[in-house]
Each structure stands twice: as structure tokens, then as C-alpha cells.
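Coordinates as given in query-v5.pdb (PDB, C-alpha atoms):
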```
ATOM      1  CA  MET R   1      -1.149 -20.412  -3.796  1.00  0.00           C
ATOM      2  CA  SER R   2      -2.404 -16.905  -2.938  1.00  0.00           C
ATOM      3  CA  ASP R   3      -0.490 -13.725  -3.792  1.00  0.00           C
ATOM      4  CA  LEU R   4       0.201 -13.218  -0.081  1.00  0.00           C
ATOM      5  CA  ALA R   5       1.541 -16.741   0.333  1.00  0.00           C
ATOM      6  CA  VAL R   6       3.739 -16.292  -2.727  1.00  0.00           C
ATOM      7  CA  GLY R   7       5.077 -13.032  -1.296  1.00  0.00           C
ATOM      8  CA  GLU R   8       5.765 -14.643   2.082  1.00  0.00           C
ATOM      9  CA  ALA R   9       7.542 -17.564   0.435  1.00  0.00           C
ATOM     10  CA  ARG R  10       9.704 -15.227  -1.616  1.00  0.00           C
ATOM     11  CA  GLY R  11      10.356 -12.991   1.390  1.00  0.00           C
ATOM     12  CA  GLY R  12      11.268 -15.949   3.590  1.00  0.00           C
ATOM     13  CA  ARG R  13      13.691 -17.250   0.995  1.00  0.00           C
ATOM     14  CA  LEU R  14      15.302 -13.864   0.460  1.00  0.00           C
ATOM     15  CA  GLY R  15      15.694 -12.458   3.931  1.00  0.00           C
ATOM     16  CA  GLY R  16      13.163 -13.547   6.560  1.00  0.00           C
ATOM     17  CA  ARG R  17      13.176 -11.544   9.768  1.00  0.00           C
ATOM     18  CA  LEU R  18      16.599 -10.039   9.143  1.00  0.00           C
ATOM     19  CA  GLY R  19      15.590  -8.879   5.692  1.00  0.00           C
ATOM     20  CA  ALA R  20      12.333  -7.442   7.029  1.00  0.00           C
ATOM     21  CA  ALA R  21      14.218  -5.535   9.733  1.00  0.00           C
ATOM     22  CA  LEU R  22      16.674  -4.145   7.181  1.00  0.00           C
ATOM     23  CA  ASP R  23      13.870  -3.105   4.826  1.00  0.00           C
ATOM     24  CA  LEU R  24      12.035  -1.364   7.663  1.00  0.00           C
ATOM     25  CA  ALA R  25      15.192   0.427   8.776  1.00  0.00           C
ATOM     26  CA  LEU R  26      15.871   1.767   5.279  1.00  0.00           C
ATOM     27  CA  TRP R  27      12.240   2.779   4.819  1.00  0.00           C
ATOM     28  CA  ALA R  28      12.129   4.474   8.242  1.00  0.00           C
ATOM     29  CA  LEU R  29      15.294   6.389   7.389  1.00  0.00           C
ATOM     30  CA  ALA R  30      13.632   7.736   4.231  1.00  0.00           C
ATOM     31  CA  LEU R  31      10.506   8.618   6.233  1.00  0.00           C
ATOM     32  CA  LEU R  32      12.463  10.434   8.936  1.00  0.00           C
ATOM     33  CA  ALA R  33      14.657  12.294   6.450  1.00  0.00           C
ATOM     34  CA  GLY R  34      11.569  13.519   4.625  1.00  0.00           C
ATOM     35  CA  LEU R  35       9.800  14.648   7.789  1.00  0.00           C
ATOM     36  CA  VAL R  36      12.893  16.547   8.928  1.00  0.00           C
ATOM     37  CA  ALA R  37      13.245  18.170   5.498  1.00  0.00           C
ATOM     38  CA  ILE R  38       9.577  19.223   5.445  1.00  0.00           C
ATOM     39  CA  ARG R  39       9.890  20.626   8.968  1.00  0.00           C
ATOM     40  CA  ALA R  40      12.955  22.636   7.956  1.00  0.00           C
ATOM     41  CA  LEU R  41      11.226  23.814   4.790  1.00  0.00           C
ATOM     42  CA  ALA R  42       8.232  25.034   6.796  1.00  0.00           C
ATOM     43  CA  GLY R  43      10.542  27.316   8.723  1.00  0.00           C
ATOM     44  CA  VAL R  44      11.820  29.167   5.676  1.00  0.00           C
ATOM     45  CA  VAL R  45       8.782  29.375   3.357  1.00  0.00           C
ATOM     46  CA  THR R  46       5.163  30.392   3.869  1.00  0.00           C
ATOM     47  CA  GLN R  47       2.502  27.730   4.428  1.00  0.00           C
ATOM     48  CA  THR R  48       0.846  28.650   1.157  1.00  0.00           C
ATOM     49  CA  GLY R  49       4.111  28.527  -0.755  1.00  0.00           C
ATOM     50  CA  LEU R  50       4.096  26.183  -3.744  1.00  0.00           C
ATOM     51  CA  LEU R  51       7.327  24.518  -2.622  1.00  0.00           C
ATOM     52  CA  LEU R  52       5.875  23.496   0.724  1.00  0.00           C
ATOM     53  CA  GLN R  53       2.609  22.343  -0.838  1.00  0.00           C
ATOM     54  CA  LEU R  54       4.533  19.999  -3.112  1.00  0.00           C
ATOM     55  CA  ALA R  55       6.839  18.721  -0.368  1.00  0.00           C
ATOM     56  CA  ALA R  56       4.435  16.163   1.163  1.00  0.00           C
ATOM     57  CA  PRO R  57       3.434  14.525  -2.165  1.00  0.00           C
ATOM     58  CA  PHE R  58       7.084  14.466  -3.225  1.00  0.00           C
ATOM     59  CA  HIS R  59       7.988  12.781   0.063  1.00  0.00           C
ATOM     60  CA  MET R  60       5.375  10.107  -0.633  1.00  0.00           C
ATOM     61  CA  LEU R  61       6.853   9.562  -4.099  1.00  0.00           C
ATOM     62  CA  VAL R  62      10.263   9.044  -2.515  1.00  0.00           C
ATOM     63  CA  LEU R  63       8.824   6.498  -0.069  1.00  0.00           C
ATOM     64  CA  PHE R  64       7.075   4.723  -2.937  1.00  0.00           C
ATOM     65  CA  ALA R  65      10.338   4.538  -4.876  1.00  0.00           C
ATOM     66  CA  VAL R  66      12.257   3.223  -1.863  1.00  0.00           C
ATOM     67  CA  SER R  67       9.652   0.579  -1.002  1.00  0.00           C
ATOM     68  CA  SER R  68       9.322  -0.478  -4.658  1.00  0.00           C
ATOM     69  CA  VAL R  69      13.074  -1.040  -4.920  1.00  0.00           C
ATOM     70  CA  LEU R  70      13.081  -3.022  -1.664  1.00  0.00           C
ATOM     71  CA  LEU R  71      10.179  -5.168  -2.866  1.00  0.00           C
ATOM     72  CA  ARG R  72      11.904  -5.851  -6.156  1.00  0.00           C
ATOM     73  CA  ARG R  73      15.103  -6.860  -4.354  1.00  0.00           C
ATOM     74  CA  ARG R  74      13.079  -9.495  -2.464  1.00  0.00           C
ATOM     75  CA  GLY R  75      11.376 -10.734  -5.614  1.00  0.00           C
ATOM     76  CA  GLU R  76       7.997  -9.347  -4.565  1.00  0.00           C
ATOM     77  CA  ARG R  77       5.360  -7.229  -6.279  1.00  0.00           C
ATOM     78  CA  TRP R  78       2.757  -4.753  -5.061  1.00  0.00           C
ATOM     79  CA  ARG R  79       0.150  -7.305  -6.088  1.00  0.00           C
ATOM     80  CA  ASP R  80       1.516  -9.602  -3.385  1.00  0.00           C
ATOM     81  CA  LEU R  81       0.629  -6.946  -0.795  1.00  0.00           C
ATOM     82  CA  GLY R  82      -2.968  -6.423  -1.896  1.00  0.00           C
ATOM     83  CA  VAL R  83      -2.961  -4.182  -4.969  1.00  0.00           C
ATOM     84  CA  ALA R  84      -5.385  -6.253  -7.003  1.00  0.00           C
ATOM     85  CA  ARG R  85      -8.986  -6.341  -8.163  1.00  0.00           C
ATOM     86  CA  PRO R  86     -11.125  -7.294  -5.139  1.00  0.00           C
ATOM     87  CA  ALA R  87     -13.038 -10.562  -5.256  1.00  0.00           C
ATOM     88  CA  SER R  88     -16.280  -8.776  -4.320  1.00  0.00           C
ATOM     89  CA  TRP R  89     -17.111  -5.087  -4.831  1.00  0.00           C
ATOM     90  CA  ARG R  90     -20.121  -5.566  -2.551  1.00  0.00           C
ATOM     91  CA  ARG R  91     -17.731  -6.556   0.205  1.00  0.00           C
ATOM     92  CA  VAL R  92     -15.628  -3.480  -0.541  1.00  0.00           C
ATOM     93  CA  ALA R  93     -18.699  -1.247  -0.211  1.00  0.00           C
ATOM     94  CA  TRP R  94     -19.657  -2.879   3.089  1.00  0.00           C
ATOM     95  CA  LEU R  95     -16.147  -2.501   4.475  1.00  0.00           C
ATOM     96  CA  VAL R  96     -15.933   1.161   3.442  1.00  0.00           C
ATOM     97  CA  ALA R  97     -19.277   1.902   5.123  1.00  0.00           C
ATOM     98  CA  ALA R  98     -18.400  -0.027   8.287  1.00  0.00           C
ATOM     99  CA  GLY R  99     -14.934   1.498   8.384  1.00  0.00           C
ATOM    100  CA  TYR R 100     -16.312   5.018   8.067  1.00  0.00           C
ATOM    101  CA  VAL R 101     -18.730   4.449  10.955  1.00  0.00           C
ATOM    102  CA  ALA R 102     -15.831   3.079  13.001  1.00  0.00           C
ATOM    103  CA  GLY R 103     -13.781   6.143  12.069  1.00  0.00           C
ATOM    104  CA  ILE R 104     -16.557   8.433  13.314  1.00  0.00           C
ATOM    105  CA  ALA R 105     -16.617   6.458  16.572  1.00  0.00           C
ATOM    106  CA  VAL R 106     -12.839   6.829  16.967  1.00  0.00           C
ATOM    107  CA  ASN R 107     -13.034  10.572  16.351  1.00  0.00           C
ATOM    108  CA  GLY R 108     -15.907  10.951  18.803  1.00  0.00           C
ATOM    109  CA  LEU R 109     -14.119   8.938  21.476  1.00  0.00           C
ATOM    110  CA  CYS R 110     -11.015  11.082  21.082  1.00  0.00           C
ATOM    111  CA  THR R 111     -12.857  14.421  20.932  1.00  0.00           C
ATOM    112  CA  TYR R 112     -15.341  13.938  23.754  1.00  0.00           C
ATOM    113  CA  LEU R 113     -13.391  11.701  26.111  1.00  0.00           C
ATOM    114  CA  ILE R 114      -9.640  11.336  25.575  1.00  0.00           C
ATOM    115  CA  PHE R 115      -8.911  14.963  24.658  1.00  0.00           C
ATOM    116  CA  ARG R 116     -10.983  16.229  27.560  1.00  0.00           C
ATOM    117  CA  LEU R 117      -9.340  13.880  30.042  1.00  0.00           C
ATOM    118  CA  LEU R 118      -5.882  14.900  28.820  1.00  0.00           C
ATOM    119  CA  HIS R 119      -6.834  18.579  28.282  1.00  0.00           C
ATOM    120  CA  LEU R 120      -5.776  18.455  24.640  1.00  0.00           C
ATOM    121  CA  PRO R 121      -6.971  20.695  21.776  1.00  0.00           C
ATOM    122  CA  ARG R 122      -8.287  19.300  18.524  1.00  0.00           C
ATOM    123  CA  PRO R 123      -5.773  18.105  15.907  1.00  0.00           C
ATOM    124  CA  ASP R 124      -3.859  20.993  14.331  1.00  0.00           C
ATOM    125  CA  PHE R 125      -4.615  21.335  10.598  1.00  0.00           C
ATOM    126  CA  THR R 126      -3.030  24.764  10.182  1.00  0.00           C
ATOM    127  CA  ALA R 127      -0.148  23.222   8.198  1.00  0.00           C
ATOM    128  CA  ILE R 128      -2.404  23.087   5.133  1.00  0.00           C
ATOM    129  CA  GLY R 129      -3.395  26.727   5.543  1.00  0.00           C
ATOM    130  CA  GLU R 130      -6.835  28.331   5.560  1.00  0.00           C
ATOM    131  CA  LEU R 131      -9.163  26.643   3.058  1.00  0.00           C
ATOM    132  CA  LYS R 132     -12.337  28.685   3.504  1.00  0.00           C
ATOM    133  CA  GLY R 133     -12.630  31.141   0.625  1.00  0.00           C
ATOM    134  CA  HIS R 134      -9.776  29.441  -1.269  1.00  0.00           C
ATOM    135  CA  PRO R 135     -11.357  26.887  -3.640  1.00  0.00           C
ATOM    136  CA  GLY R 136      -8.125  26.384  -5.570  1.00  0.00           C
ATOM    137  CA  THR R 137      -6.221  25.420  -2.438  1.00  0.00           C
ATOM    138  CA  TYR R 138      -9.098  23.172  -1.354  1.00  0.00           C
ATOM    139  CA  LEU R 139      -9.126  21.337  -4.699  1.00  0.00           C
ATOM    140  CA  TYR R 140      -5.345  20.952  -4.582  1.00  0.00           C
ATOM    141  CA  TRP R 141      -5.406  19.311  -1.126  1.00  0.00           C
ATOM    142  CA  LEU R 142      -8.373  17.182  -2.208  1.00  0.00           C
ATOM    143  CA  LEU R 143      -6.238  15.871  -5.063  1.00  0.00           C
ATOM    144  CA  VAL R 144      -3.398  15.217  -2.613  1.00  0.00           C
ATOM    145  CA  ALA R 145      -5.826  13.412  -0.285  1.00  0.00           C
ATOM    146  CA  TRP R 146      -6.908  10.943  -2.981  1.00  0.00           C
ATOM    147  CA  SER R 147      -3.431  10.418  -4.421  1.00  0.00           C
ATOM    148  CA  SER R 148      -0.637  10.901  -1.897  1.00  0.00           C
ATOM    149  CA  ALA R 149      -2.760   9.926   1.127  1.00  0.00           C
ATOM    150  CA  ALA R 150      -5.402   7.434  -0.028  1.00  0.00           C
ATOM    151  CA  LEU R 151      -3.176   5.657  -2.523  1.00  0.00           C
ATOM    152  CA  GLY R 152       0.320   6.431  -1.276  1.00  0.00           C
ATOM    153  CA  GLU R 153      -0.169   5.987   2.469  1.00  0.00           C
ATOM    154  CA  GLU R 154      -2.154   2.770   2.040  1.00  0.00           C
ATOM    155  CA  LEU R 155       0.553   1.301  -0.174  1.00  0.00           C
ATOM    156  CA  GLN R 156       3.151   2.239   2.423  1.00  0.00           C
ATOM    157  CA  PHE R 157       1.499   1.511   5.787  1.00  0.00           C
ATOM    158  CA  ARG R 158      -1.115  -1.190   5.177  1.00  0.00           C
ATOM    159  CA  GLY R 159       0.971  -2.605   2.335  1.00  0.00           C
ATOM    160  CA  PHE R 160       4.753  -2.428   2.622  1.00  0.00           C
ATOM    161  CA  VAL R 161       5.153  -1.670   6.348  1.00  0.00           C
ATOM    162  CA  TRP R 162       2.517  -4.238   7.338  1.00  0.00           C
ATOM    163  CA  SER R 163       4.264  -6.999   5.347  1.00  0.00           C
ATOM    164  CA  ARG R 164       7.635  -6.261   6.942  1.00  0.00           C
ATOM    165  CA  LEU R 165       6.250  -5.998  10.473  1.00  0.00           C
ATOM    166  CA  GLU R 166       4.306  -9.234  10.108  1.00  0.00           C
ATOM    167  CA  ARG R 167       7.409 -11.033   8.898  1.00  0.00           C
ATOM    168  CA  LEU R 168       9.460  -9.458  11.674  1.00  0.00           C
ATOM    169  CA  GLY R 169       6.851 -10.633  14.204  1.00  0.00           C
ATOM    170  CA  GLY R 170       7.276 -14.220  13.078  1.00  0.00           C
ATOM    171  CA  GLY R 171       4.065 -14.577  11.101  1.00  0.00           C
ATOM    172  CA  GLY R 172       0.950 -16.304  12.377  1.00  0.00           C
ATOM    173  CA  ARG R 173      -1.505 -14.614  14.743  1.00  0.00           C
ATOM    174  CA  ALA R 174       1.277 -12.988  16.770  1.00  0.00           C
ATOM    175  CA  GLY R 175       2.835 -11.500  13.638  1.00  0.00           C
ATOM    176  CA  MET R 176      -0.546 -10.246  12.469  1.00  0.00           C
ATOM    177  CA  VAL R 177      -1.250  -8.460  15.784  1.00  0.00           C
ATOM    178  CA  PHE R 178       2.279  -7.052  15.799  1.00  0.00           C
ATOM    179  CA  ALA R 179       1.768  -5.697  12.284  1.00  0.00           C
ATOM    180  CA  LEU R 180      -1.696  -4.280  13.090  1.00  0.00           C
ATOM    181  CA  VAL R 181      -0.454  -2.328  16.099  1.00  0.00           C
ATOM    182  CA  GLY R 182       2.941  -1.436  14.633  1.00  0.00           C
ATOM    183  CA  GLN R 183       1.654   0.016  11.379  1.00  0.00           C
ATOM    184  CA  ALA R 184      -0.931   2.098  13.265  1.00  0.00           C
ATOM    185  CA  LEU R 185       1.794   3.484  15.513  1.00  0.00           C
ATOM    186  CA  LEU R 186       4.080   4.397  12.603  1.00  0.00           C
ATOM    187  CA  PHE R 187       1.110   5.818  10.694  1.00  0.00           C
ATOM    188  CA  SER R 188       0.244   8.061  13.642  1.00  0.00           C
ATOM    189  CA  LEU R 189       3.815   9.297  14.074  1.00  0.00           C
ATOM    190  CA  GLY R 190       3.855  10.261  10.406  1.00  0.00           C
ATOM    191  CA  HIS R 191       1.132  12.816  11.283  1.00  0.00           C
ATOM    192  CA  ILE R 192       2.966  14.401  14.195  1.00  0.00           C
ATOM    193  CA  TYR R 193       2.631  17.798  12.485  1.00  0.00           C
ATOM    194  CA  GLN R 194      -1.003  17.697  13.687  1.00  0.00           C
ATOM    195  CA  GLY R 195       0.152  17.685  17.304  1.00  0.00           C
ATOM    196  CA  VAL R 196      -0.401  15.060  20.022  1.00  0.00           C
ATOM    197  CA  SER R 197      -4.151  15.057  19.354  1.00  0.00           C
ATOM    198  CA  GLY R 198      -3.565  14.334  15.672  1.00  0.00           C
ATOM    199  CA  VAL R 199      -1.224  11.475  16.525  1.00  0.00           C
ATOM    200  CA  ILE R 200      -3.856   9.897  18.808  1.00  0.00           C
ATOM    201  CA  VAL R 201      -6.698  10.177  16.290  1.00  0.00           C
ATOM    202  CA  THR R 202      -4.547   8.965  13.408  1.00  0.00           C
ATOM    203  CA  GLY R 203      -3.385   5.989  15.460  1.00  0.00           C
ATOM    204  CA  GLY R 204      -7.006   5.003  16.039  1.00  0.00           C
ATOM    205  CA  LEU R 205      -7.807   5.407  12.357  1.00  0.00           C
ATOM    206  CA  GLY R 206      -4.738   3.310  11.540  1.00  0.00           C
ATOM    207  CA  LEU R 207      -6.247   0.469  13.575  1.00  0.00           C
ATOM    208  CA  VAL R 208      -9.558   0.864  11.728  1.00  0.00           C
ATOM    209  CA  LEU R 209      -7.810   0.787   8.347  1.00  0.00           C
ATOM    210  CA  GLY R 210      -5.813  -2.223   9.513  1.00  0.00           C
ATOM    211  CA  TRP R 211      -9.043  -4.034  10.406  1.00  0.00           C
ATOM    212  CA  VAL R 212     -10.477  -3.179   6.976  1.00  0.00           C
ATOM    213  CA  TYR R 213      -7.339  -4.602   5.370  1.00  0.00           C
ATOM    214  CA  LEU R 214      -7.731  -7.884   7.241  1.00  0.00           C
ATOM    215  CA  ALA R 215     -11.509  -8.084   6.789  1.00  0.00           C
ATOM    216  CA  GLY R 216     -10.990  -7.416   3.086  1.00  0.00           C
ATOM    217  CA  ARG R 217      -8.759 -10.495   2.886  1.00  0.00           C
ATOM    218  CA  ARG R 218      -5.629  -8.361   2.659  1.00  0.00           C
ATOM    219  CA  ASN R 219      -6.811  -6.362  -0.326  1.00  0.00           C
ATOM    220  CA  LEU R 220      -5.956  -2.638  -0.259  1.00  0.00           C
ATOM    221  CA  ILE R 221      -8.774  -1.295  -2.438  1.00  0.00           C
ATOM    222  CA  ALA R 222     -11.302  -0.797   0.385  1.00  0.00           C
ATOM    223  CA  CYS R 223      -8.590   0.844   2.511  1.00  0.00           C
ATOM    224  CA  MET R 224      -7.759   3.283  -0.269  1.00  0.00           C
ATOM    225  CA  ILE R 225     -11.402   4.271  -0.828  1.00  0.00           C
ATOM    226  CA  LEU R 226     -12.078   4.639   2.913  1.00  0.00           C
ATOM    227  CA  HIS R 227      -8.922   6.700   3.443  1.00  0.00           C
ATOM    228  CA  GLY R 228      -9.842   9.009   0.575  1.00  0.00           C
ATOM    229  CA  LEU R 229     -13.371   9.512   1.929  1.00  0.00           C
ATOM    230  CA  ILE R 230     -12.157  10.291   5.453  1.00  0.00           C
ATOM    231  CA  ASP R 231      -9.613  12.858   4.264  1.00  0.00           C
ATOM    232  CA  GLY R 232     -11.891  14.278   1.587  1.00  0.00           C
ATOM    233  CA  ILE R 233     -14.810  14.874   3.949  1.00  0.00           C
ATOM    234  CA  SER R 234     -12.473  16.364   6.564  1.00  0.00           C
ATOM    235  CA  LEU R 235     -11.044  18.775   3.996  1.00  0.00           C
ATOM    236  CA  THR R 236     -14.546  19.719   2.882  1.00  0.00           C
ATOM    237  CA  ALA R 237     -15.455  20.568   6.483  1.00  0.00           C
ATOM    238  CA  LEU R 238     -12.363  22.789   6.712  1.00  0.00           C
ATOM    239  CA  PHE R 239     -13.338  24.453   3.429  1.00  0.00           C
ATOM    240  CA  VAL R 240     -16.931  25.102   4.507  1.00  0.00           C
ATOM    241  CA  PHE R 241     -16.375  26.159   8.120  1.00  0.00           C
ATOM    242  CA  GLY R 242     -12.767  27.344   8.023  1.00  0.00           C
ATOM    243  CA  THR R 243      -9.624  25.867   9.529  1.00  0.00           C
ATOM    244  CA  LYS R 244      -9.293  28.565  12.198  1.00  0.00           C
ATOM    245  CA  ALA R 245     -12.976  28.348  13.192  1.00  0.00           C
ATOM    246  CA  LEU R 246     -12.869  24.582  13.709  1.00  0.00           C
ATOM    247  CA  GLN R 247      -9.586  24.898  15.567  1.00  0.00           C
ATOM    248  CA  ALA R 248     -11.079  27.514  17.895  1.00  0.00           C
ATOM    249  CA  ALA R 249     -14.156  25.359  18.482  1.00  0.00           C
ATOM    250  CA  GLY R 250     -11.970  22.644  19.929  1.00  0.00           C
ATOM    251  CA  THR R 251     -10.184  24.848  22.471  1.00  0.00           C
TER     252      THR R 251
END
```

Starting from the file, lay out its structure as C-alpha cells.
Amino acid sequence: MSDLAVGEARGGRLGGRLGAALDLALWALALLAGLVAIRALAGVVTQTGLLLQLAAPFHMLVLFAVSSVLLRRRGERWRDLGVARPASWRRVAWLVAAGYVAGIAVNGLCTYLIFRLLHLPRPDFTAIGELKGHPGTYLYWLLVAWSSAALGEELQFRGFVWSRLERLGGGGRAGMVFALVGQALLFSLGHIYQGVSGVIVTGGLGLVLGWVYLAGRRNLIACMILHGLIDGISLTALFVFGTKALQAAGT
């Protein structure tokens, strides 16, 4: 029996749809509390303040702790959700490459069609501050991108949240589609600090990462690598060209 099947069997025995709904509610409460706290913190400290820079990674640690406890209560492990050595590294490489091309397509569609139709600016990255001319800040956010985002967000959204949504949706093809769309929606709302444009782009990328998760036979490794590349290259662009310059170019 596969790790996923074992996890589903354990989850079904220890809660089913009701348990999945309760887990999601508790997790969402932790997510919302963290977002509210970060928003309040941003109003009293500077964007470059150390406290604010540590807030987002700390929030991800809290979510990881909450989801880990909930998994343990259901008799599940992170391995059941896809944290395992992939069967084929060649497949991982192919999925990362295909996913990155799909991500470029999503960004292009949003930038040159959706944003123009809706008269929206580009996503707002000013929350991380100006990176051009600040290599230390750039390296810090690059570290955050590969840890808190690539690892943490994939564990949470394509891992924990996906498993609960799929169970809540009744399993099967319907549950899979419900989980694919639902995790992308929650993933996008978690980036609301980037404005409406950021929510739209992130939602599209959430669908791409969801496809990679499924195509990778529910293994999270390709998702983690792809997520890290997307964020890392985006941060590098902000470092080279400047956050304010790219923001102005989209207005």
C-alpha cells in the first residue's frame, strides 16, 4: 500500500470529512492570526526592521508546528503527504522545467492580458523593501525563499491543506479537483500583501504547483525545487533592477 493510501486509511479511520474540516479550521485560524499579527506589526515598525523580517518565517514555523500536531493526532506523517525521495530524479527535472515554463506563461497572461483588462498594477513587492544595492537584504530574502517559501509553503499548501481538502471533497476525482482549486485559492489569499494582482498571479502559480504535485505522483520534491526557483529568480530580478523600478514599469 502506498504512503498516500496509508495516510488516507488512517485519516478515514480517525476523522474522515469531519476531522478534515476541523483540521482545516484550526490551521486557517493559525494562518489568519499570523497574517493579522504581521499586518499590525508592519504598522508599527519599519519595513527593514529585523522584527518584521523575521515575522513571516516565524509565522511559517507556527503553521508547521500546528499542522505537524494535527497530522500526529490523526496518526499520519509528512511522508504520507509526499515528503520522500522521488522515484525518478529525471522526472523531477522534467517537472521543474515544465512547471517553470508554465509559470512564465501564467505571469505573461496576467501581465499582458488580465491586468490590462482590469486596469491593475503589477504585484506589490514593496513589503520586502528595496533590494537593489542591498546584497545582505537580498541574501536574507533568498534564504527565506528557499526555506520558508519553497519548503514551508509546499509542506503546508500542496501537502497538509491539499490532503484535508481532498478528504473533505470526498476523495476520488471530485476530491482531487476540489483540493487542486482550493489549495490554489488559499495559497493566493496568503499573498494578499502583494495586492489584488499578486493574489491573481499566485493563484495561477498555485494551480501550476498543484499540477506538478499530481504529475509527480504526489511527491513534493519537484514542487519545492520549482517554488524555490520561481521565488529566487524573482528576487534576483528585484535585486538587479530594483523593486521601485519594476513597480513603476508596471504602472

Nearest to Ile192 (chain R) among R:Phe241, R:Tyr138, R:Phe125, R:Trp211, with distances taken over only C-alpha atoms: which residue is it?
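With only C-alpha atoms as the atom set, the closest residue is R:Phe125.
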
What's the 8 Å shell around Gly99 (chain R), counting all atoms listed in the file, without same-chain residues fewer than 6 positions away, as a list in words?
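These residues fall inside the cut-off: Val208, Leu209, Val212 and Leu226 of chain R.
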
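Around the point (4.1, 8.7, 9.9), within 10 Å and counting only C-alpha atoms, we find these residues: Ala28, Leu31, Leu32, Leu35, Glu153, Gln156, Phe157, Gln183, Ala184, Leu185, Leu186, Phe187, Ser188, Leu189, Gly190, His191, Ile192, Tyr193, Val199, Thr202 and Gly203 of chain R.
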
Under the PyMOL selection byres ((chain R and resi 59-75) around 9), which residues of this model are included? Write them out as an mmCIF file with C-alpha atoms, keeping the file's coordinate frame.
```cif
data_model
loop_
_atom_site.group_PDB
_atom_site.id
_atom_site.type_symbol
_atom_site.label_atom_id
_atom_site.label_comp_id
_atom_site.auth_asym_id
_atom_site.auth_seq_id
_atom_site.Cartn_x
_atom_site.Cartn_y
_atom_site.Cartn_z
ATOM 1 C CA GLY R 7 5.077 -13.032 -1.296
ATOM 2 C CA ARG R 10 9.704 -15.227 -1.616
ATOM 3 C CA GLY R 11 10.356 -12.991 1.390
ATOM 4 C CA ARG R 13 13.691 -17.250 0.995
ATOM 5 C CA LEU R 14 15.302 -13.864 0.460
ATOM 6 C CA GLY R 15 15.694 -12.458 3.931
ATOM 7 C CA GLY R 19 15.590 -8.879 5.692
ATOM 8 C CA ASP R 23 13.870 -3.105 4.826
ATOM 9 C CA LEU R 26 15.871 1.767 5.279
ATOM 10 C CA TRP R 27 12.240 2.779 4.819
ATOM 11 C CA ALA R 30 13.632 7.736 4.231
ATOM 12 C CA LEU R 31 10.506 8.618 6.233
ATOM 13 C CA GLY R 34 11.569 13.519 4.625
ATOM 14 C CA LEU R 35 9.800 14.648 7.789
ATOM 15 C CA ILE R 38 9.577 19.223 5.445
ATOM 16 C CA LEU R 54 4.533 19.999 -3.112
ATOM 17 C CA ALA R 55 6.839 18.721 -0.368
ATOM 18 C CA ALA R 56 4.435 16.163 1.163
ATOM 19 C CA PRO R 57 3.434 14.525 -2.165
ATOM 20 C CA PHE R 58 7.084 14.466 -3.225
ATOM 21 C CA GLU R 76 7.997 -9.347 -4.565
ATOM 22 C CA ARG R 77 5.360 -7.229 -6.279
ATOM 23 C CA TRP R 78 2.757 -4.753 -5.061
ATOM 24 C CA SER R 148 -0.637 10.901 -1.897
ATOM 25 C CA ALA R 149 -2.760 9.926 1.127
ATOM 26 C CA GLY R 152 0.320 6.431 -1.276
ATOM 27 C CA GLU R 153 -0.169 5.987 2.469
ATOM 28 C CA LEU R 155 0.553 1.301 -0.174
ATOM 29 C CA GLN R 156 3.151 2.239 2.423
ATOM 30 C CA PHE R 160 4.753 -2.428 2.622
ATOM 31 C CA VAL R 161 5.153 -1.670 6.348
#
```

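Comparing the minimum interatomic distances between Thr137 (chain R) and each of R:Cys110, R:Ala174, R:Leu238, R:Ala93, counting all atoms listed in the file, we find that R:Leu238 sits nearest.
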
Using CA of Ala150 (chain R) and CA of Met224 (chain R) as the two end points, give the distance in Å to one decimal.
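Answer for the CA of Ala150 (chain R) to CA of Met224 (chain R) separation: 4.8 Å.
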
Out of R:Gly195, R:Gly228, R:Gly242, R:Val181, which residue has the shortest atom-to-atom distance to Leu207 (chain R) when counting only C-alpha atoms?
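That would be R:Val181, the residue with the smallest distance to Leu207 (chain R).
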
Near region 167-172 of chain R, counting all atoms listed in the file, which residues have an atom at most 9 Å away, once you skip same-chain residues fewer than 2 positions from it, shown as a list in words?
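Skipping anything fewer than 2 positions along the chain leaves Glu8, Gly11, Gly12, Gly16, Arg17, Leu18, Gly19, Ala20, Ala21, Trp162, Ser163, Arg164, Leu165, Ala174, Gly175, Met176, Val177, Phe178 and Ala179 of chain R.
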
Best match for closeness to Ala102 (chain R) among R:Ile230, R:Phe115, R:Pro123, R:Arg90, counting all atoms listed in the file
R:Ile230

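Coordinates place CA of Gly159 (chain R) at a distance of 17.6 Å from CA of Ala145 (chain R).
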
Work out how far CA of Gly210 (chain R) is from CA of Glu166 (chain R), in Å to one decimal.
12.3 Å

Contacts of His134 (chain R) at 12 Å (all atoms listed in the file; same-chain gap of 4+ positions) as a list in words:
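Here the qualifying residues turn out to be Thr48, Ile128, Gly129, Glu130, Tyr138, Leu139, Tyr140, Trp141, Leu235, Thr236, Leu238, Phe239, Val240, Phe241, Gly242 and Thr243 of chain R.
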
Could the residues in this selection be written to a file with C-alpha atoms, as an mmCIF file, in the coordinates of the input?
```cif
data_model
loop_
_atom_site.group_PDB
_atom_site.id
_atom_site.type_symbol
_atom_site.label_atom_id
_atom_site.label_comp_id
_atom_site.auth_asym_id
_atom_site.auth_seq_id
_atom_site.Cartn_x
_atom_site.Cartn_y
_atom_site.Cartn_z
ATOM 1 C CA THR R 48 0.846 28.650 1.157
ATOM 2 C CA ILE R 128 -2.404 23.087 5.133
ATOM 3 C CA GLY R 129 -3.395 26.727 5.543
ATOM 4 C CA GLU R 130 -6.835 28.331 5.560
ATOM 5 C CA TYR R 138 -9.098 23.172 -1.354
ATOM 6 C CA LEU R 139 -9.126 21.337 -4.699
ATOM 7 C CA TYR R 140 -5.345 20.952 -4.582
ATOM 8 C CA TRP R 141 -5.406 19.311 -1.126
ATOM 9 C CA LEU R 235 -11.044 18.775 3.996
ATOM 10 C CA THR R 236 -14.546 19.719 2.882
ATOM 11 C CA LEU R 238 -12.363 22.789 6.712
ATOM 12 C CA PHE R 239 -13.338 24.453 3.429
ATOM 13 C CA VAL R 240 -16.931 25.102 4.507
ATOM 14 C CA PHE R 241 -16.375 26.159 8.120
ATOM 15 C CA GLY R 242 -12.767 27.344 8.023
ATOM 16 C CA THR R 243 -9.624 25.867 9.529
#
```

Between R:Gly182, R:Ala87, R:Glu154, R:Trp94, which is the closest to Leu220 (chain R) once you count all atoms listed in the file?
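Among the listed residues, R:Glu154 lies closest to Leu220 (chain R).
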
Need to verify the contact set: Pro86 (chain R), 8 Å, all atoms listed in the file, exclusion of same-chain residues closer than 3 positions in sequence. Can you return it as JSON, numbers by chain?
{"R": [89, 92, 219, 221]}

Now that the selection is made, can you save its residues with C-alpha atoms as a PDB file, keeping the file's coordinate frame?
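Resulting contents of result34.pdb:
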```pdb
ATOM      1  CA  TRP R  89     -17.111  -5.087  -4.831  1.00  0.00           C
ATOM      2  CA  VAL R  92     -15.628  -3.480  -0.541  1.00  0.00           C
ATOM      3  CA  ASN R 219      -6.811  -6.362  -0.326  1.00  0.00           C
ATOM      4  CA  ILE R 221      -8.774  -1.295  -2.438  1.00  0.00           C
TER       5      ILE R 221
END
```
